[in-house]
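Colleague: This is the structure I have questions about; it appears just below.
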Amino acid sequence: MNEPITSLIPLPRAVSGSAGSFRLETTTSLSADPGAEAVSGWLRAALGPATGCPLPPGEGGIRMRLDPALPPEGYLLDVTPAGAHIAGGSAAGVFFGAQTLRQLLPPAALRRAAISAGPWEIPAQRITDEPRFAWRGVLLDVARHFMPVSDVLRFIDLAAFHKLNVLHLHLTDDQGWRIEVPGLPRLTEVGSWRSASMLGSRGHERYDGRPHGGYYTTADLREIVAFAAARHITVVPEIDMPGHMQAAIAAYPELGNGFTGPVRSAWGISEHVLNVGPEALAFCRAVLDHVCDVFPGELIGIGGDECPTTEWRDSPSARERIRSEGLAGPHELQPWFTARLAEHLATRGRRLFGWDEILAGGAPPGAVVAAWRGRAPTTHAVRAGHQVVACPDIAVYLDYRQSDDPGEPTPVGTRLTLADVFAFDPVPDGLSESEAALVLGGQANVWTEHLESARRVDYQAFPRLCAFAETVWGPPGRDFAGFSARLPAHLARLDALGVGYRPLTGPRPWDARPDAPGHPRDLAGRLAELHEMTAGLRRVVT
């Protein structure tokens, strides 16, 4: 086996080596079957500027084709001295094979302009590969800190390079509303900016005194969707409701329960939630209709997490809703509300995607659950008959601190090392074969309360997102020592791609954020907290 093979991330399932190598040259041609033409165009654009190889159409050189005998996202990459042949079970499979081809080239081939004349050689080899999970996702929170379109597109490119295929885009929260909606101009005029942001963990009560804002136009979002689709990534939008809605209520106070204040500047959970009257439901339906128009995927995220019932307990309209619907109390308002959203999405041919809090009181039939409060909700969700995406905070929340080093910027959450992320498996122990089949896959979450820029996102996400990519692509029983041996070669690729990842040796002096102190958590304490938080699920699902 040739040495470059062992550096691939995610590691392929089956590799066999042979003698010689294929040299990419200015005369190398690229041919593609009709179903793979879009991938061939993408590869020309990706490789041409750095290598000087335009890859014109023609037989020989690189060939791409569809092979229905392969799994839909599986591929075969056969490299000989005469050329490279990529076959995929679908265009997505061809695309992932092309990403592997990029990894096999020298890192300089990943740059955006030429810094070297080559040679651009790929060792001869045969790779057969396919992913373990259909959902290989990453969440990007653009609500807490807005990211310009260019930064989102760059993040998508990096996710695609690691063969991830879902971007969960968290578009709204108490601290900002990031999507324009026709007929509701105040959502962006008022809801898209706040007067200040917290510096560090909320317990320190520090603020920067600097306004922060931004939002995506419909054209921006269509561009993001199209850019992602060209890289075989589905964008799943999330409009968090009925909680985490202070930004929307600041724009339209009639949606709330008497609150007339501004967009929230503090981190944490606001008690200011949507009311349960007809105007709030009409608002939600209008927003979801627009979201369905922009995002073509089957799943639409409605959040459903961390919704306090304090205001509902004191609201005459909430009490009337409880009476008219025959509910037992305020705690049953959210399941009722969520069911109405699911019904509306069904009229658009869509399914609801929500955090595991929607299991309390019974999630709507067909809902897909994002299980985040530790590992137990994944088990609860599948035993309630729901498909689930596993994303436990203690394993894949990439805003969590990476070490005990005091130089880690704004250290929050439990310690989550590269090895911890690599050890994650979306399927919990103890599931039957049929229950395990309901686990669609896993998702790493990049929350941005403390990540104010793309540079900070890079530091927190990489190389831990590389480890995560391997957990959701490769088989169980992975070897961290082998991954660690392959990682330095992959970091050279991240260097070429301009990724500001965290060094394996730890934070550098300029990574620290002494002005934004954190709040490290102990794992045992967090596990006890999660056990208490999910007590209601244990009572519902046995």
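Ordered as shown in the structure tokens, chains take letters A, B, and onward, while each chain numbers its residues from 1 and ligands are numbered from 1 in the order shown.
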As a PyMOL selection string, please: every residue in stretch 138-279 of chain A that a backbone DSSP assignment puts in helix (DSSP H, G or I).
Modeller: chain A and resi 149-161+186-189+202-204+218-230+246-251+253-255+278-279
Colleague: Can I get the selection written as a short mmCIF file (atom, residue, chain, number, x, y, z; two decimals), in the first residue's frame, with C-alpha atoms?
Modeller:
data_model
loop_
_atom_site.label_atom_id
_atom_site.label_comp_id
_atom_site.auth_asym_id
_atom_site.auth_seq_id
_atom_site.Cartn_x
_atom_site.Cartn_y
_atom_site.Cartn_z
CA VAL A 149 -22.52 34.72 2.81
CA SER A 150 -18.90 34.29 1.75
CA ASP A 151 -18.03 32.74 5.11
CA VAL A 152 -21.00 30.39 4.95
CA LEU A 153 -20.00 29.26 1.45
CA ARG A 154 -16.44 28.65 2.61
CA PHE A 155 -17.75 26.58 5.53
CA ILE A 156 -19.86 24.53 3.12
CA ASP A 157 -16.80 23.87 0.96
CA LEU A 158 -14.88 22.62 3.99
CA ALA A 159 -17.77 20.39 5.07
CA ALA A 160 -17.97 18.93 1.55
CA PHE A 161 -14.23 18.29 1.52
CA ARG A 186 -39.51 44.59 10.89
CA LEU A 187 -38.01 41.12 11.31
CA THR A 188 -34.89 42.46 9.62
CA GLU A 189 -35.27 46.17 10.41
CA ARG A 202 -23.16 34.93 30.66
CA GLY A 203 -22.27 34.47 34.32
CA HIS A 204 -19.67 37.25 34.06
CA THR A 218 -33.84 35.61 -0.19
CA ALA A 219 -31.25 35.80 -2.97
CA ASP A 220 -28.49 35.13 -0.43
CA LEU A 221 -30.26 32.04 0.85
CA ARG A 222 -30.95 30.74 -2.64
CA GLU A 223 -27.25 31.14 -3.39
CA ILE A 224 -26.32 29.20 -0.25
CA VAL A 225 -28.76 26.41 -1.14
CA ALA A 226 -27.51 26.16 -4.73
CA PHE A 227 -23.84 26.27 -3.71
CA ALA A 228 -24.44 23.50 -1.18
CA ALA A 229 -26.46 21.39 -3.63
CA ALA A 230 -23.61 21.52 -6.14
CA GLN A 246 -37.31 37.35 21.53
CA ALA A 247 -35.88 38.89 18.35
CA ALA A 248 -39.15 38.31 16.47
CA ILE A 249 -41.22 39.58 19.40
CA ALA A 250 -39.05 42.70 19.62
CA ALA A 251 -40.00 43.35 15.99
CA PRO A 253 -44.73 42.70 20.09
CA GLU A 254 -48.22 41.41 19.29
CA LEU A 255 -46.62 37.96 18.80
CA PRO A 278 -54.22 32.93 16.06
CA GLU A 279 -51.89 35.83 15.15
#
Colleague: Just the residues within 12 Å of A:Ala38, please, counting only C-alpha atoms, with nothing from its chain fewer than 6 positions along; format it as a ChimeraX atom specification.
Modeller: /A:31-32,44-45,64-65,90-92,94-95,98,229-232
Colleague: How close does each residue of stretch 161-256 of chain A get to stretch 363-387 of chain A, giving the shortest atom pair and distance in Å to one decimal for every residue with an atom at most 12 Å away, counting only C-alpha atoms, sorted by chain and residue number, as a Markdown table?
Modeller:
| residue | atom | partner | partner_atom | distance |
| --- | --- | --- | --- | --- |
| A:His168 | CA | A:Ala370 | CA | 10.5 |
| A:Val236 | CA | A:Val368 | CA | 11.8 |
| A:Glu238 | CA | A:Ala370 | CA | 11.7 |
Colleague: Please save C-alpha atoms of the selected residues as a CSV table (one decimal), in the first residue's frame.
Modeller:
chain,number,residue,atom,x,y,z
A,168,HIS,CA,-28.2,22.6,9.6
A,236,VAL,CA,-31.8,22.2,6.6
A,238,GLU,CA,-34.1,26.1,11.4
Colleague: Near stretch 500-508 of chain A, counting only C-alpha atoms, which residues have an atom at most 7 Å away, once you skip same-chain residues fewer than 3 positions from it, shown as a PDB file with all heavy atoms, in the first residue's frame?
Modeller:
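Dumped to part_25.pdb:
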ATOM      1  N   GLY A 407      -5.187  28.905  28.227  1.00  0.00           N
ATOM      2  CA  GLY A 407      -5.151  29.730  27.033  1.00  0.00           C
ATOM      3  C   GLY A 407      -6.256  29.440  26.038  1.00  0.00           C
ATOM      4  O   GLY A 407      -6.375  30.137  25.022  1.00  0.00           O
ATOM      5  N   GLU A 408      -7.112  28.444  26.333  1.00  0.00           N
ATOM      6  CA  GLU A 408      -8.239  28.185  25.428  1.00  0.00           C
ATOM      7  C   GLU A 408      -9.172  29.398  25.433  1.00  0.00           C
ATOM      8  O   GLU A 408      -9.533  29.907  26.490  1.00  0.00           O
ATOM      9  CB  GLU A 408      -9.020  26.944  25.863  1.00  0.00           C
ATOM     10  CG  GLU A 408      -8.256  25.641  25.765  1.00  0.00           C
ATOM     11  CD  GLU A 408      -8.063  25.145  24.338  1.00  0.00           C
ATOM     12  OE1 GLU A 408      -8.474  25.852  23.403  1.00  0.00           O
ATOM     13  OE2 GLU A 408      -7.470  24.062  24.172  1.00  0.00           O
ATOM     14  N   ARG A 455     -12.731  33.063  11.811  1.00  0.00           N
ATOM     15  CA  ARG A 455     -11.463  32.603  12.391  1.00  0.00           C
ATOM     16  C   ARG A 455     -11.703  31.802  13.664  1.00  0.00           C
ATOM     17  O   ARG A 455     -11.084  30.754  13.881  1.00  0.00           O
ATOM     18  CB  ARG A 455     -10.572  33.816  12.680  1.00  0.00           C
ATOM     19  CG  ARG A 455      -9.225  33.477  13.298  1.00  0.00           C
ATOM     20  CD  ARG A 455      -8.419  34.742  13.541  1.00  0.00           C
ATOM     21  NE  ARG A 455      -7.096  34.450  14.072  1.00  0.00           N
ATOM     22  CZ  ARG A 455      -6.191  35.371  14.364  1.00  0.00           C
ATOM     23  NH1 ARG A 455      -6.483  36.646  14.159  1.00  0.00           N
ATOM     24  NH2 ARG A 455      -5.002  35.027  14.857  1.00  0.00           N
ATOM     25  N   ASP A 458     -13.185  28.410  12.777  1.00  0.00           N
ATOM     26  CA  ASP A 458     -12.113  27.498  12.351  1.00  0.00           C
ATOM     27  C   ASP A 458     -11.427  26.860  13.552  1.00  0.00           C
ATOM     28  O   ASP A 458     -11.181  25.651  13.577  1.00  0.00           O
ATOM     29  CB  ASP A 458     -11.070  28.261  11.540  1.00  0.00           C
ATOM     30  CG  ASP A 458     -11.450  28.450  10.085  1.00  0.00           C
ATOM     31  OD1 ASP A 458     -12.574  28.091   9.712  1.00  0.00           O
ATOM     32  OD2 ASP A 458     -10.607  28.966   9.320  1.00  0.00           O
ATOM     33  N   TYR A 459     -11.085  27.681  14.530  1.00  0.00           N
ATOM     34  CA  TYR A 459     -10.328  27.194  15.687  1.00  0.00           C
ATOM     35  C   TYR A 459     -11.119  26.144  16.449  1.00  0.00           C
ATOM     36  O   TYR A 459     -10.565  25.121  16.883  1.00  0.00           O
ATOM     37  CB  TYR A 459      -9.974  28.373  16.600  1.00  0.00           C
ATOM     38  CG  TYR A 459      -9.200  27.976  17.843  1.00  0.00           C
ATOM     39  CD1 TYR A 459      -7.814  27.967  17.840  1.00  0.00           C
ATOM     40  CD2 TYR A 459      -9.863  27.598  19.012  1.00  0.00           C
ATOM     41  CE1 TYR A 459      -7.098  27.591  18.981  1.00  0.00           C
ATOM     42  CE2 TYR A 459      -9.158  27.225  20.144  1.00  0.00           C
ATOM     43  CZ  TYR A 459      -7.782  27.226  20.121  1.00  0.00           C
ATOM     44  OH  TYR A 459      -7.084  26.842  21.250  1.00  0.00           O
ATOM     45  N   GLN A 460     -12.399  26.374  16.643  1.00  0.00           N
ATOM     46  CA  GLN A 460     -13.211  25.432  17.414  1.00  0.00           C
ATOM     47  C   GLN A 460     -13.591  24.192  16.587  1.00  0.00           C
ATOM     48  O   GLN A 460     -13.716  23.095  17.142  1.00  0.00           O
ATOM     49  CB  GLN A 460     -14.479  26.113  17.919  1.00  0.00           C
ATOM     50  CG  GLN A 460     -14.249  27.164  18.990  1.00  0.00           C
ATOM     51  CD  GLN A 460     -13.655  26.609  20.273  1.00  0.00           C
ATOM     52  OE1 GLN A 460     -12.601  27.053  20.713  1.00  0.00           O
ATOM     53  NE2 GLN A 460     -14.310  25.637  20.878  1.00  0.00           N
ATOM     54  N   PHE A 462     -12.032  22.802  13.731  1.00  0.00           N
ATOM     55  CA  PHE A 462     -10.994  21.952  13.150  1.00  0.00           C
ATOM     56  C   PHE A 462      -9.793  21.835  14.086  1.00  0.00           C
ATOM     57  O   PHE A 462      -9.407  22.811  14.714  1.00  0.00           O
ATOM     58  CB  PHE A 462     -10.541  22.541  11.814  1.00  0.00           C
ATOM     59  CG  PHE A 462     -11.624  22.535  10.782  1.00  0.00           C
ATOM     60  CD1 PHE A 462     -12.381  23.674  10.544  1.00  0.00           C
ATOM     61  CD2 PHE A 462     -11.906  21.384  10.058  1.00  0.00           C
ATOM     62  CE1 PHE A 462     -13.397  23.667   9.598  1.00  0.00           C
ATOM     63  CE2 PHE A 462     -12.916  21.375   9.107  1.00  0.00           C
ATOM     64  CZ  PHE A 462     -13.658  22.516   8.880  1.00  0.00           C
ATOM     65  N   PRO A 463      -9.205  20.640  14.207  1.00  0.00           N
ATOM     66  CA  PRO A 463      -9.491  19.431  13.415  1.00  0.00           C
ATOM     67  C   PRO A 463     -10.566  18.512  13.999  1.00  0.00           C
ATOM     68  O   PRO A 463     -10.728  17.386  13.533  1.00  0.00           O
ATOM     69  CB  PRO A 463      -8.144  18.717  13.395  1.00  0.00           C
ATOM     70  CG  PRO A 463      -7.531  19.056  14.726  1.00  0.00           C
ATOM     71  CD  PRO A 463      -7.973  20.478  15.017  1.00  0.00           C
ATOM     72  N   ASP A 511      -4.508  33.096  20.553  1.00  0.00           N
ATOM     73  CA  ASP A 511      -5.821  32.453  20.556  1.00  0.00           C
ATOM     74  C   ASP A 511      -6.626  32.789  21.813  1.00  0.00           C
ATOM     75  O   ASP A 511      -7.849  32.668  21.823  1.00  0.00           O
ATOM     76  CB  ASP A 511      -5.671  30.929  20.460  1.00  0.00           C
ATOM     77  CG  ASP A 511      -5.127  30.482  19.125  1.00  0.00           C
ATOM     78  OD1 ASP A 511      -5.543  31.066  18.104  1.00  0.00           O
ATOM     79  OD2 ASP A 511      -4.285  29.567  19.096  1.00  0.00           O
TER      80      ASP A 511
END
Colleague: Near A:Leu171, within 9 Å and counting only C-alpha atoms, which residues show up once chain neighbours fewer than 2 positions away are dropped, as a list of chain:residue names?
Modeller: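 Near A:Leu171, the qualifying residues are A:Leu140, A:Asp141, A:Val142, A:Ala143, A:Arg144, A:Leu169, A:Asp173, A:Gly176, A:Trp177, A:Arg178, A:Ile179, A:Tyr215, A:Pro237, A:Glu238, A:Ile239, A:Asp240.
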Colleague: Would you kindly return, as a PDB file with all heavy atoms, in the first residue's frame, each protein, DNA or RNA residue with an atom no farther than 7 Å from any atom of A:Thr410, considering only C-alpha atoms and excluding same-chain residues fewer than 6 positions away?
Modeller:
ATOM      1  N   GLY A 200     -17.831  36.676  26.624  1.00  0.00           N
ATOM      2  CA  GLY A 200     -17.630  35.487  27.430  1.00  0.00           C
ATOM      3  C   GLY A 200     -18.924  34.912  27.951  1.00  0.00           C
ATOM      4  O   GLY A 200     -20.024  35.262  27.513  1.00  0.00           O
ATOM      5  N   HIS A 450     -19.823  32.362  21.473  1.00  0.00           N
ATOM      6  CA  HIS A 450     -18.451  32.782  21.773  1.00  0.00           C
ATOM      7  C   HIS A 450     -17.549  32.732  20.545  1.00  0.00           C
ATOM      8  O   HIS A 450     -16.331  32.853  20.677  1.00  0.00           O
ATOM      9  CB  HIS A 450     -17.889  31.906  22.895  1.00  0.00           C
ATOM     10  CG  HIS A 450     -18.841  31.738  24.040  1.00  0.00           C
ATOM     11  ND1 HIS A 450     -19.258  32.802  24.816  1.00  0.00           N
ATOM     12  CD2 HIS A 450     -19.492  30.647  24.524  1.00  0.00           C
ATOM     13  CE1 HIS A 450     -20.113  32.359  25.734  1.00  0.00           C
ATOM     14  NE2 HIS A 450     -20.270  31.068  25.573  1.00  0.00           N
ATOM     15  N   ARG A 513      -8.627  34.573  24.908  1.00  0.00           N
ATOM     16  CA  ARG A 513      -9.575  35.681  24.986  1.00  0.00           C
ATOM     17  C   ARG A 513      -9.737  36.100  26.448  1.00  0.00           C
ATOM     18  O   ARG A 513     -10.783  35.869  27.067  1.00  0.00           O
ATOM     19  CB  ARG A 513     -10.934  35.266  24.420  1.00  0.00           C
ATOM     20  CG  ARG A 513     -11.011  35.131  22.913  1.00  0.00           C
ATOM     21  CD  ARG A 513     -10.890  36.472  22.208  1.00  0.00           C
ATOM     22  NE  ARG A 513     -11.802  37.478  22.745  1.00  0.00           N
ATOM     23  CZ  ARG A 513     -13.070  37.609  22.351  1.00  0.00           C
ATOM     24  NH1 ARG A 513     -13.568  36.809  21.427  1.00  0.00           N
ATOM     25  NH2 ARG A 513     -13.829  38.550  22.867  1.00  0.00           N
ATOM     26  N   ALA A 516     -12.897  37.822  27.399  1.00  0.00           N
ATOM     27  CA  ALA A 516     -14.150  37.082  27.293  1.00  0.00           C
ATOM     28  C   ALA A 516     -14.026  35.774  28.068  1.00  0.00           C
ATOM     29  O   ALA A 516     -13.878  34.706  27.476  1.00  0.00           O
ATOM     30  CB  ALA A 516     -14.481  36.812  25.821  1.00  0.00           C
ATOM     31  N   PRO A 517     -14.084  35.836  29.404  1.00  0.00           N
ATOM     32  CA  PRO A 517     -13.859  34.635  30.223  1.00  0.00           C
ATOM     33  C   PRO A 517     -14.964  33.607  30.037  1.00  0.00           C
ATOM     34  O   PRO A 517     -16.107  33.948  29.716  1.00  0.00           O
ATOM     35  CB  PRO A 517     -13.845  35.187  31.649  1.00  0.00           C
ATOM     36  CG  PRO A 517     -14.639  36.453  31.580  1.00  0.00           C
ATOM     37  CD  PRO A 517     -14.370  37.023  30.220  1.00  0.00           C
ATOM     38  N   GLY A 518     -14.605  32.350  30.236  1.00  0.00           N
ATOM     39  CA  GLY A 518     -15.548  31.265  30.014  1.00  0.00           C
ATOM     40  C   GLY A 518     -16.145  30.721  31.299  1.00  0.00           C
ATOM     41  O   GLY A 518     -16.123  31.366  32.358  1.00  0.00           O
TER      42      GLY A 518
END
Colleague: Can you list, as a PyMOL selection string, all residues belonging to stretch 42-252 of chain A that DSSP tags as strand (DSSP E or B)?
Modeller: chain A and resi 57+61-66+75-80+83-88+120-129+135-141+166-170+172-173+176-177+179+193-194+198+207+212-213+216+234-238
Colleague: Find the spatial neighbours of stretch 300-306 of chain A, counting only C-alpha atoms, within a cut-off of 8 Å - ignore same-chain residues fewer than 3 positions away - and output them as a PyMOL selection string.
Modeller: chain A and resi 236-244+269+291-292+297+334+338+345+350-358
Colleague: If I take atom CA of A:Met198 and atom CA of A:Leu523, how far is one from the other in Å, to one decimal?
Modeller: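 For atom CA of A:Met198 relative to atom CA of A:Leu523, the distance reads 24.7 Å.
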Colleague: From the options A:Leu281, A:Leu76, A:Ile122, A:Val276, which residue's atoms come nearest to A:Pro12, counting only C-alpha atoms?
Modeller: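 That would be A:Leu76, the residue with the smallest distance to A:Pro12.
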Colleague: With distances taken over only C-alpha atoms, which of A:Pro123, A:Gly52, A:Pro106, A:Pro182 is nearest to A:Leu77?
Modeller: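 Nearest candidate to A:Leu77 out of A:Pro123, A:Gly52, A:Pro106, A:Pro182: A:Pro123.
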Colleague: Which is closest to A:Leu465 among A:Gly89, A:Gly137, A:Gly362, A:Gly349, if we use only C-alpha atoms?
Modeller: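 Distance minimum relative to A:Leu465 lands on A:Gly137.
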Colleague: Would you mind reading off the distance between atom CA of A:Val138 and atom CA of A:Ser270, one decimal, in Å?
Modeller: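 Between these atoms lies a distance of 24.9 Å.
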Colleague: Please list as a list in words every residue within 8 Å of A:Arg126, counting only C-alpha atoms and excluding residues in the same chain fewer than 4 positions away.
Modeller: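 With the cut-off at 8 Å, the set is Val15, Ser16, Gly17, Leu76, Leu77, Asp78 and Val79 of chain A.
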Colleague: Find the residue from A:Pro119, A:Pro131, A:Gly256, A:Gly329 that sits nearest to A:Val472; use only C-alpha atoms when measuring.
Modeller: A:Pro131
Colleague: Kindly indicate which residue among A:Pro509, A:Pro488, A:Gly88, A:Pro54 lies nearest to A:Asp67, using only C-alpha atoms for the distances.
Modeller: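 Checking each candidate against A:Asp67, we get A:Gly88 as the closest.
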